[in-house]
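The structure under discussion appears below in the form of structure tokens.
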Protein chains: 2
Amino acid sequence: MQSLLMQHVPASVYEPMRYVLRSGGKRLRGVLTLLACQAVGGPTRRALDAAVAMELLHNFTLVHDDVMDHADLRRNRPTVHKKWNENVAILSGDQLVAYAYRSLLSSPATNPAPVVRAFTNAFIDVCDGQGLDMEFGVRQDVSLAEYLQMIEKKTARVISASLVIGAILGGGSEKFVRALRTFGLQLGYAFQIQDDLLDFAGDQKELGKSIGGDIIEGKKTFLLLHAIERSRGKDRHMLKSLSPRNGAQRLRAVRALYRRLDVTTGASRAIAAHTSKALQALRPLPANRGTQMLSWLAGQLVERSS
Amino acid sequence: MQSLLMQHVPASVYEPMRYVLRSGGKRLRGVLTLLACQAVGGPTRRALDAAVAMELLHNFTLVHDDVMDHADLRRNRPTVHKKWNENVAILSGDQLVAYAYRSLLSSPATNPAPVVRAFTNAFIDVCDGQGLDMEFGVRQDVSLAEYLQMIEKKTARVISASLVIGAILGGGSEKFVRALRTFGLQLGYAFQIQDDLLDFAGDQKELGKSIGGDIIEGKKTFLLLHAIERSRGKDRHMLKSLSPRNGAQRLRAVRALYRRLDVTTGASRAIAAHTSKALQALRPLPANRGTQMLSWLAGQLVERSS
């Protein structure tokens with residue numbers, strides 16, 4: 001990633017890009033691309049440029065989403081629009097996608113079409129998902145089923161594409177590509193629900209962002225929609241009318257209600273179910289180091305604390 | 001373009017996209033792609049999806065640039081962030097690029113790599129160009145040479161890529177592709193300087209935006225930088241300190257100074273010189289209808305009023 005961004009002019013574009021890419025993060029998507037390539041028997045270096053592309057795409061979504069959500073912190077540091085301004089965040093986000101395509105096109109593929117197509121579909125999905133997420137913000141009647149459709153687009157499909165692209169570049173058969181697509185989708189669901197859970201049950205320092213932010217912003221998360229389904233009367237009304245206007249005052253009440261309704265158990269069960277489906281999907285793959293690592297990773301994500 | 005956007009959900013993404021694409025405009029970039037294909041002897045339908053992609057890329061830049069420039073009007077209608085809000089403009093802009101790639105990938109090319117690479121380079125250039133343009137906004141020492149570098153990136157290279165991509169899809173030889181690349185760059189320079197000129201000498205109604213906006217915003221345009229080069233003392237100081245803070249008050253004074261310094265002649269000469277170079281570049285191409293139309297278009301753009 002660093003060698004891709006050797007350019008320094010205009011500084012208002014490249015400095016924020018480097019800032020974002022130096023900020024760490026789990027590098028989950030890039031790692032999945034490399035492991036998928038390895039799992040189908042390819043050398044990981046064939047998937048390196050594509051792994052970088054997946055990370056750039058992901059970081060683009062973070063920069064633009066943080067503008068749209070007015071988020072101040074990301075990975076324990078000020079977000080791009082806070083450190084610079086919104087224009088810089090919009091433009092450096094755009095340039096992150098452009099460089100993602102540049103990196104993707106450096107991949108050693110005789111025909112790059114399937115790879116670029118899978119990447120573009122994920123790009124479209126993630127925009128659709130963000131649009132749904134934004135619309136949920138001003139709706140009171142979002143169902144758990146709609147929420148799952150949203151996180152499929154916003155999170156699961158990019159994770160799935162990371163695996164599909166690695167598998168294609170590794171020369172994987174149709175069967176292997178399909179298996180890794182399913183693994184990615186299920187892992188994506190589990191990953192996002194775990195993300196929602198951490199906002200309630202996680203540790204602020206480890207997460208690099210404030211705990212309870214989702215409740216304060218009245219965000220439609222798995223926990224909220226699950227709690228709405230399990231509640232009645234006044235409790236249900238309070239949860240359904242949660243919004244950025246009243247979220248901060250209701251934080252304690254909502255947290256107490258979440259505990260009373262035992263929503264963490266519901267979330268943990270959903271995470272376990274999706275993780276189990278993900279692991280099942282891996283069965284057709286050769287039992288090599290790549291597959292083992294994917295399987296190990298799926299287990300780790302469920303237990304992660306950030 | 002319409003058939004590409006049949007999807008309706010999420011409405012907050014697809015409605016603004018359709019709104020932008022229905023707003024007309026010259027469709028210059030798409031037309032250039034089709035004509036370049038025809039000029040090298042290809043059937044225009046081979047370049048149709050790519051022509052759509054160039055229009056989508058261009059409209060993406062308009063939507064995001066309008067947010068960054070706080071522009072209220074575009075093509076006689078409210079800009080996306082004015083009609084909806086900034087979040088909608090950021091996200092539907094992102095989705096316009098994503099669909100641009102989708103359309104590009106529908107092109108009937110055995111190997112899409114050169115086409116996608118030329119497109120991606122133009123995408124990177126246009127972001128670099130916008131970054132430079134934004135930086136110029138807070139600098140007082142921008143030279144005419146730097147300005148020309150900026151418009152090459154922000155305008156000329158996308159126009160050039162439109163032609164290159166059409167030529168590649170039409171099966172054009174290296175020589176033809178190179179000729180059309182040069183034609184596009186020179187046409188792009190002429191086009192942008194004409195754009196700057198219209199802000200001073202054009203008609204508000206035909207343009208679909210306010211006249212004098214560049215002066216009011218203190219934008220570094222060909223006219224301003226040319227006027228700075230031709231002025232001395234107090235006049236020069238006034239022009240160099242033009243900014244969004246004082247632009248509105250100084251509008252009349254700057255316009256009077258532009259007339260006194262005869263900047264329109266300077267701009268017209270630059271436009272004529274670039275147009276002439278563009279036309280010269282067309283010489284190696286077959287004298288078919290595509291080439292004739294490109295040549296005619298280059299002449300028209302110089303005389304356009306919107």
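In the structure tokens, chains take the letters A, B, ... in the order shown, each chain's residues start at 1, and ligands count up from 1 in the order shown.
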message: Run DSSP on the backbone and tell me which residues of range 16-236 of chain A come out as strand (DSSP E or B); list them as number ranges by chain.
response: A: 73-74, 77-78
Dump as a PDB file, in the first residue's frame, selection limited to N, CA and C atoms:
```
ATOM      1  N   LEU A  73     -14.031   9.955  15.487  1.00  0.00           N
ATOM      2  CA  LEU A  73     -12.890   9.075  15.753  1.00  0.00           C
ATOM      3  C   LEU A  73     -12.970   7.813  14.917  1.00  0.00           C
ATOM      4  N   ARG A  74     -11.815   7.359  14.493  1.00  0.00           N
ATOM      5  CA  ARG A  74     -11.704   6.086  13.779  1.00  0.00           C
ATOM      6  C   ARG A  74     -10.346   5.518  14.155  1.00  0.00           C
ATOM      7  N   ARG A  77      -8.035   7.656  16.240  1.00  0.00           N
ATOM      8  CA  ARG A  77      -7.499   8.915  15.712  1.00  0.00           C
ATOM      9  C   ARG A  77      -8.625   9.741  15.084  1.00  0.00           C
ATOM     10  N   PRO A  78      -8.421  11.057  14.972  1.00  0.00           N
ATOM     11  CA  PRO A  78      -9.453  11.881  14.328  1.00  0.00           C
ATOM     12  C   PRO A  78      -9.725  11.370  12.915  1.00  0.00           C
TER      13      PRO A  78
END
```
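Neighbours of range 282-285 of chain B closer than or equal to 9 Å, with only C-alpha atoms counted and sequence neighbours fewer than 4 positions away skipped, come out as B:Ala39, B:Val40, B:Lys175, B:Phe176, B:Ala179, B:Leu180, B:Thr182, B:Phe183, B:Lys277, B:Ala278, B:Thr291, B:Leu294, B:Ser295.
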field: Residue nearest chain A - candidates B:Ile151, B:Ala36, B:Leu91, B:Leu257, atoms counted: only C-alpha atoms
entry: B:Leu91
task: Please provide the set of residues having any atom within 12 Å of range 27-32 of chain A, restricted to only C-alpha atoms, with same-chain residues fewer than 6 positions apart removed, written as a VMD selection string.
output: chain A and resid 1 21 38 to 39 44 to 45 47 to 59 100 104 155 to 167 180 to 181 183 to 184 187 to 188 191 290 to 291 293 to 298 300 to 301
Same residues, N, CA and C atoms, saved as a compact mmCIF listing (two decimals), in the first residue's frame:
```txt
# COMPACT_ATOMS: atom_id res chain seq x y z
N MET A 1 0.84 -1.19 0.00
CA MET A 1 0.00 0.00 0.00
C MET A 1 0.87 1.24 0.00
N LEU A 21 -4.25 5.01 5.49
CA LEU A 21 -3.67 3.68 5.28
C LEU A 21 -2.63 3.32 6.34
N GLN A 38 -4.36 -18.78 -1.50
CA GLN A 38 -3.59 -19.90 -0.96
C GLN A 38 -4.46 -21.16 -0.81
N ALA A 39 -5.70 -20.95 -0.38
CA ALA A 39 -6.61 -22.08 -0.15
C ALA A 39 -6.89 -22.86 -1.44
N THR A 44 0.42 -16.81 -2.91
CA THR A 44 -0.24 -15.61 -2.42
C THR A 44 0.20 -14.34 -3.16
N ARG A 45 1.44 -14.34 -3.70
CA ARG A 45 1.90 -13.10 -4.37
C ARG A 45 1.03 -12.75 -5.57
N ALA A 47 -2.06 -12.66 -5.56
CA ALA A 47 -3.24 -11.94 -5.06
C ALA A 47 -2.88 -10.67 -4.30
N LEU A 48 -1.59 -10.33 -4.27
CA LEU A 48 -1.14 -9.21 -3.43
C LEU A 48 -1.74 -7.87 -3.87
N ASP A 49 -1.68 -7.57 -5.17
CA ASP A 49 -2.21 -6.29 -5.65
C ASP A 49 -3.73 -6.21 -5.41
N ALA A 50 -4.40 -7.34 -5.58
CA ALA A 50 -5.85 -7.36 -5.35
C ALA A 50 -6.15 -7.20 -3.86
N ALA A 51 -5.30 -7.78 -3.00
CA ALA A 51 -5.49 -7.63 -1.55
C ALA A 51 -5.39 -6.15 -1.17
N VAL A 52 -4.41 -5.46 -1.77
CA VAL A 52 -4.27 -4.02 -1.54
C VAL A 52 -5.53 -3.30 -2.03
N ALA A 53 -6.03 -3.71 -3.20
CA ALA A 53 -7.24 -3.08 -3.76
C ALA A 53 -8.42 -3.21 -2.79
N MET A 54 -8.57 -4.39 -2.19
CA MET A 54 -9.69 -4.59 -1.26
C MET A 54 -9.56 -3.68 -0.03
N GLU A 55 -8.32 -3.53 0.45
CA GLU A 55 -8.10 -2.64 1.59
C GLU A 55 -8.39 -1.19 1.23
N LEU A 56 -7.99 -0.79 0.01
CA LEU A 56 -8.24 0.59 -0.42
C LEU A 56 -9.75 0.84 -0.55
N LEU A 57 -10.46 -0.13 -1.13
CA LEU A 57 -11.92 0.00 -1.26
C LEU A 57 -12.55 0.14 0.12
N HIS A 58 -12.12 -0.71 1.05
CA HIS A 58 -12.67 -0.66 2.40
C HIS A 58 -12.39 0.69 3.06
N ASN A 59 -11.17 1.17 2.92
CA ASN A 59 -10.82 2.45 3.54
C ASN A 59 -11.56 3.63 2.90
N ALA A 100 -7.55 1.92 -5.87
CA ALA A 100 -7.94 0.52 -5.69
C ALA A 100 -8.01 -0.16 -7.06
N LEU A 104 -5.74 -3.16 -8.50
CA LEU A 104 -6.41 -4.36 -8.99
C LEU A 104 -5.92 -4.71 -10.40
N THR A 155 -21.63 -4.92 4.18
CA THR A 155 -20.45 -5.56 4.76
C THR A 155 -20.12 -6.91 4.11
N ALA A 156 -21.12 -7.79 4.05
CA ALA A 156 -20.83 -9.18 3.69
C ALA A 156 -20.33 -9.32 2.25
N ARG A 157 -20.88 -8.53 1.33
CA ARG A 157 -20.49 -8.73 -0.07
C ARG A 157 -19.06 -8.27 -0.37
N VAL A 158 -18.57 -7.27 0.33
CA VAL A 158 -17.17 -6.86 0.11
C VAL A 158 -16.24 -7.93 0.68
N ILE A 159 -16.60 -8.48 1.83
CA ILE A 159 -15.81 -9.56 2.42
C ILE A 159 -15.84 -10.77 1.48
N SER A 160 -17.01 -11.08 0.97
CA SER A 160 -17.16 -12.19 0.04
C SER A 160 -16.33 -11.95 -1.23
N ALA A 161 -16.41 -10.73 -1.76
CA ALA A 161 -15.64 -10.40 -2.98
C ALA A 161 -14.13 -10.53 -2.72
N SER A 162 -13.69 -10.19 -1.52
CA SER A 162 -12.27 -10.33 -1.19
C SER A 162 -11.82 -11.77 -1.39
N LEU A 163 -12.66 -12.70 -0.96
CA LEU A 163 -12.34 -14.13 -1.09
C LEU A 163 -12.47 -14.60 -2.53
N VAL A 164 -13.53 -14.19 -3.20
CA VAL A 164 -13.76 -14.59 -4.59
C VAL A 164 -12.59 -14.14 -5.47
N ILE A 165 -12.18 -12.92 -5.29
CA ILE A 165 -11.10 -12.37 -6.12
C ILE A 165 -9.78 -13.09 -5.85
N GLY A 166 -9.50 -13.37 -4.59
CA GLY A 166 -8.29 -14.15 -4.26
C GLY A 166 -8.34 -15.53 -4.90
N ALA A 167 -9.53 -16.14 -4.85
CA ALA A 167 -9.68 -17.49 -5.40
C ALA A 167 -9.52 -17.50 -6.92
N LEU A 180 -15.97 -20.33 -1.46
CA LEU A 180 -15.39 -19.18 -0.75
C LEU A 180 -16.33 -17.98 -0.75
N ARG A 181 -17.17 -17.88 -1.80
CA ARG A 181 -18.17 -16.81 -1.81
C ARG A 181 -19.13 -17.00 -0.64
N PHE A 183 -18.63 -18.80 2.12
CA PHE A 183 -17.85 -18.59 3.35
C PHE A 183 -17.80 -17.10 3.68
N GLY A 184 -17.51 -16.27 2.67
CA GLY A 184 -17.38 -14.83 2.86
C GLY A 184 -18.67 -14.17 3.29
N LEU A 187 -19.41 -15.25 6.88
CA LEU A 187 -18.43 -14.59 7.75
C LEU A 187 -18.79 -13.12 7.89
N GLY A 188 -19.23 -12.51 6.79
CA GLY A 188 -19.59 -11.09 6.79
C GLY A 188 -20.75 -10.80 7.73
N PHE A 191 -19.48 -11.18 11.22
CA PHE A 191 -18.58 -10.07 11.52
C PHE A 191 -19.37 -8.81 11.89
N GLY A 290 -3.83 -22.49 3.77
CA GLY A 290 -4.74 -21.38 3.50
C GLY A 290 -6.12 -21.65 4.09
N THR A 291 -6.64 -22.84 3.81
CA THR A 291 -7.97 -23.20 4.32
C THR A 291 -7.97 -23.23 5.85
N MET A 293 -6.10 -21.53 7.84
CA MET A 293 -6.05 -20.16 8.36
C MET A 293 -7.42 -19.49 8.26
N LEU A 294 -8.13 -19.74 7.16
CA LEU A 294 -9.47 -19.16 7.00
C LEU A 294 -10.38 -19.65 8.11
N SER A 295 -10.29 -20.94 8.37
CA SER A 295 -11.11 -21.55 9.40
C SER A 295 -10.76 -20.97 10.78
N TRP A 296 -9.47 -20.83 11.03
CA TRP A 296 -9.01 -20.26 12.31
C TRP A 296 -9.50 -18.82 12.45
N LEU A 297 -9.37 -18.04 11.34
CA LEU A 297 -9.79 -16.64 11.35
C LEU A 297 -11.27 -16.51 11.70
N ALA A 298 -12.09 -17.38 11.09
CA ALA A 298 -13.53 -17.34 11.34
C ALA A 298 -13.81 -17.50 12.83
N GLN A 300 -11.66 -16.76 15.29
CA GLN A 300 -11.12 -15.60 15.98
C GLN A 300 -12.06 -14.41 15.95
N LEU A 301 -12.69 -14.20 14.78
CA LEU A 301 -13.53 -13.01 14.61
C LEU A 301 -14.68 -12.99 15.60
```
message: Give me, as a VMD selection string, the residues of chain A touching chain B, with the criterion being at most 10 Å (counting only C-alpha atoms).
response: chain A and resid 9 to 14 60 to 61 64 to 65 67 to 69 86 to 88 90 to 102 104 to 106 109 to 114 116 to 135
- prompt: So which bits of range 55-210 of chain B end up helix (DSSP H, G or I) when you DSSP the backbone, as a count of residues only?
  reply: 122
- prompt: Any idea what the distance is between CA of Ser276 in chain B and CA of Thr221 in chain B?
  reply: 21.5 Å
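Take CA of Ala248 in chain A and CA of Leu197 in chain A: the distance between them is 18.2 Å.
For the pair CA of Ile215 in chain A and CA of Lys240 in chain A, the separation is 11.6 Å.
The residue set within 8 Å of Leu169 in chain A, counting only C-alpha atoms and dropping same-chain residues fewer than 6 places from it, reads A:Cys37, A:Gly42, A:Arg46, A:Ala47, A:Ser107, A:Pro108, A:Ala109, A:Val115.
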Next, the residues of the selection above should be written as an mmCIF file, in the first residue's frame with N, CA and C atoms.
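Now in selection04.cif:
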```
data_model
loop_
_atom_site.group_PDB
_atom_site.id
_atom_site.type_symbol
_atom_site.label_atom_id
_atom_site.label_comp_id
_atom_site.auth_asym_id
_atom_site.auth_seq_id
_atom_site.Cartn_x
_atom_site.Cartn_y
_atom_site.Cartn_z
ATOM 1 N N CYS A 37 -6.555 -17.160 -2.073
ATOM 2 C CA CYS A 37 -5.635 -17.546 -3.147
ATOM 3 C C CYS A 37 -4.854 -18.793 -2.729
ATOM 4 N N GLY A 42 -3.047 -21.429 -5.041
ATOM 5 C CA GLY A 42 -2.229 -20.426 -5.734
ATOM 6 C C GLY A 42 -1.165 -19.836 -4.824
ATOM 7 N N ARG A 46 0.348 -13.742 -6.165
ATOM 8 C CA ARG A 46 -0.542 -13.442 -7.289
ATOM 9 C C ARG A 46 -1.735 -12.591 -6.845
ATOM 10 N N ALA A 47 -2.055 -12.659 -5.561
ATOM 11 C CA ALA A 47 -3.242 -11.940 -5.062
ATOM 12 C C ALA A 47 -2.877 -10.671 -4.295
ATOM 13 N N SER A 107 -2.801 -6.760 -11.026
ATOM 14 C CA SER A 107 -2.826 -8.197 -10.734
ATOM 15 C C SER A 107 -2.395 -8.987 -11.964
ATOM 16 N N PRO A 108 -1.641 -10.070 -11.749
ATOM 17 C CA PRO A 108 -1.163 -10.868 -12.874
ATOM 18 C C PRO A 108 -2.240 -11.820 -13.393
ATOM 19 N N ALA A 109 -3.260 -11.263 -14.059
ATOM 20 C CA ALA A 109 -4.323 -12.119 -14.610
ATOM 21 C C ALA A 109 -4.297 -11.997 -16.122
ATOM 22 N N VAL A 115 -12.241 -10.533 -12.342
ATOM 23 C CA VAL A 115 -11.769 -9.908 -11.105
ATOM 24 C C VAL A 115 -12.313 -8.478 -10.992
#
```
